[in-house]
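Participant: Quick one: structure below, then a few questions.
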Amino acid sequence: MASDPSNSSSSSFTLVGVPGLEAFPTCLGVLFCSAYVMALVGNGAVLLVTGLDKSLRAPCHRLLAMLAAVDVLMVTAVVPKLLSVLWLNSAEIGYVACFVQMFLVHSATSEESGLLLAMAVDRYVAVCHPLRYHSILSARAVAQMGLAVVLRALLFMVPLTGLVTSLPYCGPRVVPHSYCEHQAVAGLACADPAPAGLYSVAASSLTVGADGACIAASYGRILRAVPGHGAHRRALSTCGCHLCVVLLFYLPGIVSVYAQHLGSAVPAPARVLLADLYLALPAALNPLVYSVRTRPVRRALLRMLLPGKARA
C-alpha cells in the first residue's frame, strides 16, 4: 500500500498507514472518511450557528465554538493525508510538512484539553455563582482563557518540535504510523531519541494530569455546593454534555498516549488505530453530544435548518 521507501526523496518521510492492516484500505478509508465528514459537518454547523444566532452569545457557547474550531483543525491535520495513503497510495510526506503536521496535531490535543478545563470552569460558575455568571465570565475573560489555552499548547510543542527536528535522520524514513506522530518519527533518528520521549511523557502527563485534576475538583465543588441527591442529579444533568465530551476525549487519549510509549507491549495495529480514533472520534461525536443534549444549541440548529417549523 505504501510507496517504496527507496524511491522517497531524501528530504521526505514515508507513512505506512496502519501497520499490519495494509490489506484493508477500503474499510479503513470508509471508517475515517465517514468520521471526517461527520466532524466537518457537525463542527461546521456548530461554528455557523454560534456565529449567526444572537441567542448563542453566552460564555459556554463561545467556548463550544472554540472547541469546534480545534476539532476541525485536529482532524484536518490527519485524515486527508491518511485517506491519500489508504486510497491513493500517496504515502510520501515532505520533511517540513511532516513536522508541521506533528506540531498541529499535538498542539490541538493540548488545546482541546485546555478548553475542556475552561468549560468545566464555566459549568462551576454557572451552577455555584449563577447571579455573577456573566460578570465573572465576560467576553474578555473568555478571550483570555482561549489565549491562555493556545499559549500553553505553544509552550508545550515548541520545545518538543525542536527536540525532534534536531535529531539526525540518516536511515530509511519509513514512519510506522498513519501520520507524523512524534514518537514514531523520533524512533527513526540515528541519535538517541530518549530526551524527546521523556519530555513528551512528562509534558503530556503534566498537562492531562493537571487538567483532569482541575476538572474533577470543579465537579467536586459543584456537588458540594448543591445539597441533596435530587439537586446532585439536576447539577449533573446541567453538566451532562460536558462530562460526556470529557470522557470521549480523556479515556481513549490516556490509553493511546501510554500505548505509544509502551512500544512492543502493544501490537502496532492497535497502537496506530487507537491514535487515529483518539483524534477522529471525539471530533465527530462532540457536535452530536452538544446538539442533542443542549437545548439552546438544538433549537438554534432547528431554526437554521427548518426555519418555518422552528417558528411554529
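Chain identifiers are assigned as A, B, and so on, following the order in which chains appear in the C-alpha cells; residues are numbered from 1 within each chain, and ligands are numbered from 1 in order of appearance.
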Run DSSP on the backbone and grab whatever in region 96-266 of chain A lands in alpha helix (DSSP H); send it over as a ChimeraX atom specification.

Facilitator: /A:96-128,133-136,139-165,182-186,194-225,229-238,240-262

Participant: Could you turn the residues from that selection into a file that holds C-alpha atoms, as a CSV table (one decimal), in the first residue's frame?

Facilitator:
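This is the output file selection_12.csv:
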chain,number,residue,atom,x,y,z
A,96,VAL,CA,8.7,20.2,6.7
A,97,ALA,CA,5.1,19.1,6.1
A,98,CYS,CA,5.7,16.1,8.5
A,99,PHE,CA,6.9,18.4,11.3
A,100,VAL,CA,4.1,20.9,10.7
A,101,GLN,CA,1.6,18.0,10.9
A,102,MET,CA,3.2,16.8,14.1
A,103,PHE,CA,3.0,20.3,15.6
A,104,LEU,CA,-0.6,20.9,14.6
A,105,VAL,CA,-1.9,17.5,15.9
A,106,HIS,CA,-0.2,17.6,19.2
A,107,SER,CA,-0.8,21.3,19.9
A,108,ALA,CA,-4.5,20.7,19.0
A,109,THR,CA,-4.8,17.9,21.5
A,110,SER,CA,-3.3,20.2,24.2
A,111,GLU,CA,-5.7,23.0,23.2
A,112,GLU,CA,-8.7,20.6,23.4
A,113,SER,CA,-7.7,19.5,26.9
A,114,GLY,CA,-7.4,23.2,28.0
A,115,LEU,CA,-10.8,24.0,26.5
A,116,LEU,CA,-12.4,21.2,28.4
A,117,LEU,CA,-10.9,22.6,31.6
A,118,ALA,CA,-12.3,26.1,30.7
A,119,MET,CA,-15.7,24.6,30.0
A,120,ALA,CA,-15.6,22.9,33.5
A,121,VAL,CA,-14.8,26.3,35.0
A,122,ASP,CA,-17.8,27.6,33.1
A,123,ARG,CA,-20.1,24.9,34.5
A,124,TYR,CA,-18.8,25.6,38.0
A,125,VAL,CA,-19.5,29.3,37.8
A,126,ALA,CA,-23.0,28.6,36.2
A,127,VAL,CA,-24.0,26.3,39.0
A,128,CYS,CA,-22.3,27.8,42.0
A,133,TYR,CA,-22.1,34.2,35.8
A,134,HIS,CA,-21.9,36.9,33.1
A,135,SER,CA,-19.8,39.3,35.2
A,136,ILE,CA,-17.2,36.6,36.0
A,139,ALA,CA,-16.3,38.2,26.8
A,140,ARG,CA,-12.8,39.5,27.7
A,141,ALA,CA,-12.4,36.7,30.3
A,142,VAL,CA,-13.4,34.0,27.8
A,143,ALA,CA,-11.0,35.5,25.2
A,144,GLN,CA,-8.2,35.5,27.8
A,145,MET,CA,-8.9,31.8,28.6
A,146,GLY,CA,-8.8,31.0,24.9
A,147,LEU,CA,-5.5,32.8,24.5
A,148,ALA,CA,-4.0,31.1,27.6
A,149,VAL,CA,-5.0,27.7,26.1
A,150,VAL,CA,-3.2,28.5,22.8
A,151,LEU,CA,-0.1,29.8,24.5
A,152,ARG,CA,0.2,26.8,26.7
A,153,ALA,CA,0.0,24.5,23.7
A,154,LEU,CA,2.7,26.5,22.0
A,155,LEU,CA,4.9,26.3,25.1
A,156,PHE,CA,4.4,22.6,25.1
A,157,MET,CA,5.0,21.9,21.4
A,158,VAL,CA,7.8,24.3,20.5
A,159,PRO,CA,10.4,22.5,22.7
A,160,LEU,CA,9.2,19.1,21.6
A,161,THR,CA,9.3,20.0,18.0
A,162,GLY,CA,12.8,21.5,18.4
A,163,LEU,CA,14.0,18.2,20.1
A,164,VAL,CA,12.6,16.0,17.3
A,165,THR,CA,13.7,18.2,14.4
A,182,HIS,CA,6.4,12.3,17.3
A,183,GLN,CA,7.4,9.0,18.9
A,184,ALA,CA,7.2,7.2,15.6
A,185,VAL,CA,9.3,9.9,13.8
A,186,ALA,CA,11.8,10.2,16.7
A,194,ALA,CA,15.2,9.4,24.7
A,195,PRO,CA,15.3,13.1,25.6
A,196,ALA,CA,12.3,13.9,23.3
A,197,GLY,CA,10.5,10.8,24.6
A,198,LEU,CA,11.0,11.8,28.2
A,199,TYR,CA,9.9,15.4,27.6
A,200,SER,CA,6.8,14.2,25.8
A,201,VAL,CA,5.8,11.8,28.5
A,202,ALA,CA,6.4,14.4,31.3
A,203,ALA,CA,4.7,17.2,29.5
A,204,SER,CA,1.7,15.1,28.4
A,205,SER,CA,1.3,13.6,31.9
A,206,LEU,CA,1.6,17.0,33.5
A,207,THR,CA,-1.0,18.6,31.1
A,208,VAL,CA,-3.5,15.8,31.2
A,209,GLY,CA,-3.0,15.3,35.0
A,210,ALA,CA,-3.4,19.0,35.9
A,211,ASP,CA,-6.4,19.5,33.6
A,212,GLY,CA,-8.1,16.3,34.8
A,213,ALA,CA,-7.5,17.1,38.4
A,214,CYS,CA,-8.9,20.6,38.0
A,215,ILE,CA,-11.9,19.3,36.1
A,216,ALA,CA,-12.5,16.7,38.9
A,217,ALA,CA,-12.1,19.5,41.5
A,218,SER,CA,-14.6,21.7,39.8
A,219,TYR,CA,-17.2,18.9,39.8
A,220,GLY,CA,-16.4,18.2,43.4
A,221,ARG,CA,-17.2,21.8,44.2
A,222,ILE,CA,-20.4,21.7,42.2
A,223,LEU,CA,-21.6,18.6,44.1
A,224,ARG,CA,-20.7,20.2,47.5
A,225,ALA,CA,-22.5,23.4,46.6
A,229,HIS,CA,-29.5,13.8,45.8
A,230,GLY,CA,-32.1,15.5,43.7
A,231,ALA,CA,-30.0,18.6,43.4
A,232,HIS,CA,-27.0,16.5,42.6
A,233,ARG,CA,-28.9,14.9,39.7
A,234,ARG,CA,-30.0,18.2,38.4
A,235,ALA,CA,-26.5,19.7,38.6
A,236,LEU,CA,-25.0,16.7,36.8
A,237,SER,CA,-27.8,16.9,34.2
A,238,THR,CA,-26.8,20.5,33.6
A,240,GLY,CA,-24.0,16.1,31.4
A,241,CYS,CA,-22.9,17.0,27.9
A,242,HIS,CA,-19.6,18.4,29.2
A,243,LEU,CA,-19.0,15.2,31.1
A,244,CYS,CA,-19.7,13.1,28.0
A,245,VAL,CA,-17.2,15.1,26.0
A,246,VAL,CA,-14.6,14.9,28.8
A,247,LEU,CA,-14.9,11.1,28.8
A,248,LEU,CA,-14.8,10.9,25.0
A,249,PHE,CA,-11.5,12.8,25.0
A,250,TYR,CA,-9.6,11.6,28.0
A,251,LEU,CA,-10.3,7.9,28.2
A,252,PRO,CA,-9.1,7.0,24.7
A,253,GLY,CA,-6.5,9.7,24.9
A,254,ILE,CA,-4.8,8.3,28.0
A,255,VAL,CA,-5.0,4.7,26.6
A,256,SER,CA,-3.5,6.0,23.3
A,257,VAL,CA,-0.7,8.0,24.8
A,258,TYR,CA,0.6,5.2,27.0
A,259,ALA,CA,0.1,2.6,24.3
A,260,GLN,CA,2.5,4.6,22.1
A,261,HIS,CA,5.1,4.7,24.9
A,262,LEU,CA,4.8,1.0,25.8

Participant: Considering only C-alpha atoms, can you say which of A:Val16, A:Ser55, A:Leu40, A:Cys27 comes closest to Arg303 (chain A)?

Facilitator: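 Smallest distance to Arg303 (chain A) is found for A:Ser55.
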
Participant: Can you tell me how far CA of Lys81 (chain A) sits from CA of Val46 (chain A), in Å to one decimal?

Facilitator: 24.6 Å

Participant: Of the residues A:Tyr95, A:Gly29, A:Met66, A:Leu273, which is the one nearest to Leu47 (chain A), using only C-alpha atoms?

Facilitator: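 Smallest separation from Leu47 (chain A) among the options: A:Met66.
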
Participant: For region 167-179 of chain A, list every protein, DNA or RNA residue within 9 Å, evaluated using only C-alpha atoms, and leave out those in the same chain fewer than 5 positions away; present the list as a PyMOL selection string.

Facilitator: chain A and resi 5-6+8+10+12-19+77-79+81-82+85+91+98+101-102+162+184-193+268-269+271-273+276

Participant: For the selection just defined, write its residues with N, CA, C and O atoms to a file, as a compact mmCIF listing (two decimals), in the first residue's frame.

Facilitator:
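File selection26.txt, as written:
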# COMPACT_ATOMS: atom_id res chain seq x y z
N PRO A 5 10.08 2.85 -0.03
CA PRO A 5 10.89 3.82 0.64
C PRO A 5 12.13 4.21 -0.13
O PRO A 5 12.63 5.32 -0.02
N SER A 6 12.64 3.27 -0.95
CA SER A 6 13.85 3.60 -1.70
C SER A 6 13.60 4.66 -2.75
O SER A 6 14.54 5.31 -3.21
N SER A 8 11.68 7.29 -2.16
CA SER A 8 11.32 8.53 -1.49
C SER A 8 12.47 9.51 -1.56
O SER A 8 13.64 9.14 -1.55
N SER A 10 15.15 12.16 -0.24
CA SER A 10 15.93 12.18 1.00
C SER A 10 15.41 13.23 1.96
O SER A 10 15.75 13.21 3.13
N SER A 12 12.16 13.72 2.63
CA SER A 12 10.76 13.40 2.92
C SER A 12 10.69 12.14 3.76
O SER A 12 11.66 11.41 3.94
N PHE A 13 9.49 11.89 4.30
CA PHE A 13 9.21 10.68 5.04
C PHE A 13 8.14 9.88 4.27
O PHE A 13 7.43 10.43 3.43
N THR A 14 8.03 8.59 4.61
CA THR A 14 7.01 7.74 4.01
C THR A 14 6.13 7.21 5.14
O THR A 14 6.62 6.59 6.09
N LEU A 15 4.83 7.45 5.03
CA LEU A 15 3.87 6.98 6.03
C LEU A 15 3.39 5.58 5.66
O LEU A 15 3.03 5.32 4.51
N VAL A 16 3.37 4.69 6.64
CA VAL A 16 2.95 3.32 6.38
C VAL A 16 1.43 3.20 6.32
O VAL A 16 0.88 2.39 5.60
N GLY A 17 0.74 4.02 7.07
CA GLY A 17 -0.71 3.88 7.22
C GLY A 17 -0.99 3.20 8.53
O GLY A 17 -0.59 3.68 9.59
N VAL A 18 -1.66 2.07 8.50
CA VAL A 18 -1.90 1.26 9.71
C VAL A 18 -1.12 -0.03 9.54
O VAL A 18 -1.56 -0.93 8.80
N PRO A 19 0.03 -0.17 10.18
CA PRO A 19 0.86 -1.37 10.01
C PRO A 19 0.08 -2.64 10.37
O PRO A 19 -0.62 -2.69 11.38
N ALA A 77 -5.76 17.99 10.03
CA ALA A 77 -4.31 17.79 10.01
C ALA A 77 -3.94 16.34 9.74
O ALA A 77 -2.81 16.06 9.31
N VAL A 78 -4.87 15.39 10.00
CA VAL A 78 -4.52 13.97 9.92
C VAL A 78 -5.28 13.23 8.82
O VAL A 78 -4.68 12.52 8.00
N VAL A 79 -6.61 13.35 8.79
CA VAL A 79 -7.42 12.43 7.99
C VAL A 79 -7.20 12.57 6.48
O VAL A 79 -7.11 11.56 5.79
N LYS A 81 -4.56 13.28 4.71
CA LYS A 81 -3.34 12.57 4.34
C LYS A 81 -3.49 11.07 4.56
O LYS A 81 -3.00 10.26 3.75
N LEU A 82 -4.18 10.68 5.63
CA LEU A 82 -4.41 9.26 5.87
C LEU A 82 -5.21 8.64 4.73
O LEU A 82 -4.91 7.54 4.26
N VAL A 85 -3.06 8.05 1.75
CA VAL A 85 -2.22 6.85 1.92
C VAL A 85 -3.04 5.59 1.64
O VAL A 85 -2.59 4.68 0.94
N ALA A 91 1.95 7.91 -0.12
CA ALA A 91 2.43 7.77 1.25
C ALA A 91 3.54 8.76 1.60
O ALA A 91 3.89 8.90 2.77
N CYS A 98 5.85 17.13 7.41
CA CYS A 98 5.74 16.13 8.46
C CYS A 98 5.79 16.80 9.84
O CYS A 98 4.96 16.51 10.71
N GLN A 101 2.68 18.91 10.47
CA GLN A 101 1.57 18.04 10.87
C GLN A 101 1.72 17.62 12.33
O GLN A 101 0.75 17.65 13.10
N MET A 102 2.92 17.23 12.72
CA MET A 102 3.18 16.85 14.11
C MET A 102 2.83 17.98 15.06
O MET A 102 2.15 17.78 16.08
N GLY A 162 11.34 21.19 18.55
CA GLY A 162 12.77 21.45 18.45
C GLY A 162 13.61 20.22 18.75
O GLY A 162 14.60 19.95 18.05
N ALA A 184 6.89 8.01 16.76
CA ALA A 184 7.20 7.21 15.58
C ALA A 184 8.30 7.87 14.74
O ALA A 184 9.18 7.18 14.21
N VAL A 185 8.26 9.20 14.62
CA VAL A 185 9.28 9.90 13.84
C VAL A 185 10.61 9.90 14.58
O VAL A 185 11.67 9.62 13.99
N ALA A 186 10.60 10.19 15.88
CA ALA A 186 11.85 10.23 16.65
C ALA A 186 12.53 8.86 16.67
O ALA A 186 13.76 8.78 16.72
N GLY A 187 11.74 7.78 16.59
CA GLY A 187 12.33 6.45 16.57
C GLY A 187 13.14 6.16 15.33
O GLY A 187 13.90 5.18 15.30
N LEU A 188 13.01 6.98 14.28
CA LEU A 188 13.78 6.79 13.05
C LEU A 188 15.14 7.47 13.09
O LEU A 188 15.95 7.30 12.18
N ALA A 189 15.41 8.24 14.12
CA ALA A 189 16.63 9.04 14.17
C ALA A 189 17.85 8.16 14.39
O ALA A 189 17.78 7.07 14.97
N CYS A 190 19.00 8.67 13.92
CA CYS A 190 20.26 7.96 14.13
C CYS A 190 20.81 8.19 15.54
O CYS A 190 21.70 7.47 15.98
N ALA A 191 20.32 9.21 16.21
CA ALA A 191 20.75 9.52 17.57
C ALA A 191 19.71 9.02 18.57
O ALA A 191 18.63 8.55 18.20
N ASP A 192 20.06 9.13 19.85
CA ASP A 192 19.17 8.65 20.91
C ASP A 192 17.96 9.58 21.03
O ASP A 192 18.11 10.77 21.33
N PRO A 193 16.74 9.05 20.82
CA PRO A 193 15.54 9.89 20.92
C PRO A 193 14.99 9.99 22.34
O PRO A 193 13.90 10.53 22.54
N ALA A 268 1.31 -3.16 16.99
CA ALA A 268 1.37 -1.94 16.19
C ALA A 268 0.02 -1.54 15.61
O ALA A 268 -0.35 -0.36 15.66
N PRO A 269 -0.78 -2.47 15.05
CA PRO A 269 -2.10 -2.03 14.54
C PRO A 269 -2.97 -1.42 15.61
O PRO A 269 -3.66 -0.42 15.36
N ARG A 271 -1.94 0.16 18.37
CA ARG A 271 -1.39 1.48 18.73
C ARG A 271 -1.81 2.54 17.73
O ARG A 271 -2.25 3.63 18.10
N VAL A 272 -1.67 2.23 16.45
CA VAL A 272 -1.96 3.23 15.41
C VAL A 272 -3.46 3.51 15.33
O VAL A 272 -3.88 4.66 15.24
N LEU A 273 -4.28 2.46 15.39
CA LEU A 273 -5.73 2.67 15.34
C LEU A 273 -6.22 3.46 16.55
O LEU A 273 -7.09 4.33 16.42
N ASP A 276 -5.37 7.08 15.91
CA ASP A 276 -6.22 7.68 14.88
C ASP A 276 -7.64 7.91 15.40
O ASP A 276 -8.23 8.98 15.17

Participant: So, counting only C-alpha atoms, which residue among A:Ala280, A:Cys180, A:Val49, A:Ile93 is closest to Val37 (chain A)?

Facilitator: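 Nearest candidate to Val37 (chain A) out of A:Ala280, A:Cys180, A:Val49, A:Ile93: A:Ala280.
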
Participant: Give me, please, the distance in Å between CA of Val226 (chain A) and CA of Arg132 (chain A), quoted to one decimal.

Facilitator: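 About the pair CA of Val226 (chain A) and CA of Arg132 (chain A): they are 16.8 Å apart.
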
Participant: I need the residues in region 29-229 of chain A that are strand (DSSP E) according to DSSP; give them as a list in words.

Facilitator: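 Taking region 29-229 of chain A and keeping strand (DSSP E) only, one gets Glu92, Ile93, Gly94, Val174 and Val175 of chain A.
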
Participant: Would you mind exporting the chosen residues as a short mmCIF file (atom, residue, chain, number, x, y, z; two decimals), in the first residue's frame, restricted to N, CA and C atoms?

Facilitator:
data_model
loop_
_atom_site.label_atom_id
_atom_site.label_comp_id
_atom_site.auth_asym_id
_atom_site.auth_seq_id
_atom_site.Cartn_x
_atom_site.Cartn_y
_atom_site.Cartn_z
N GLU A 92 4.09 9.45 0.62
CA GLU A 92 5.21 10.35 0.90
C GLU A 92 4.73 11.68 1.45
N ILE A 93 5.42 12.17 2.46
CA ILE A 93 5.12 13.47 3.05
C ILE A 93 6.44 14.23 3.22
N GLY A 94 6.45 15.48 2.82
CA GLY A 94 7.67 16.27 2.87
C GLY A 94 8.22 16.43 4.28
N VAL A 174 10.87 5.62 6.96
CA VAL A 174 9.54 5.00 6.87
C VAL A 174 8.90 5.09 8.25
N VAL A 175 7.88 5.94 8.36
CA VAL A 175 7.20 6.17 9.65
C VAL A 175 6.15 5.07 9.84
#
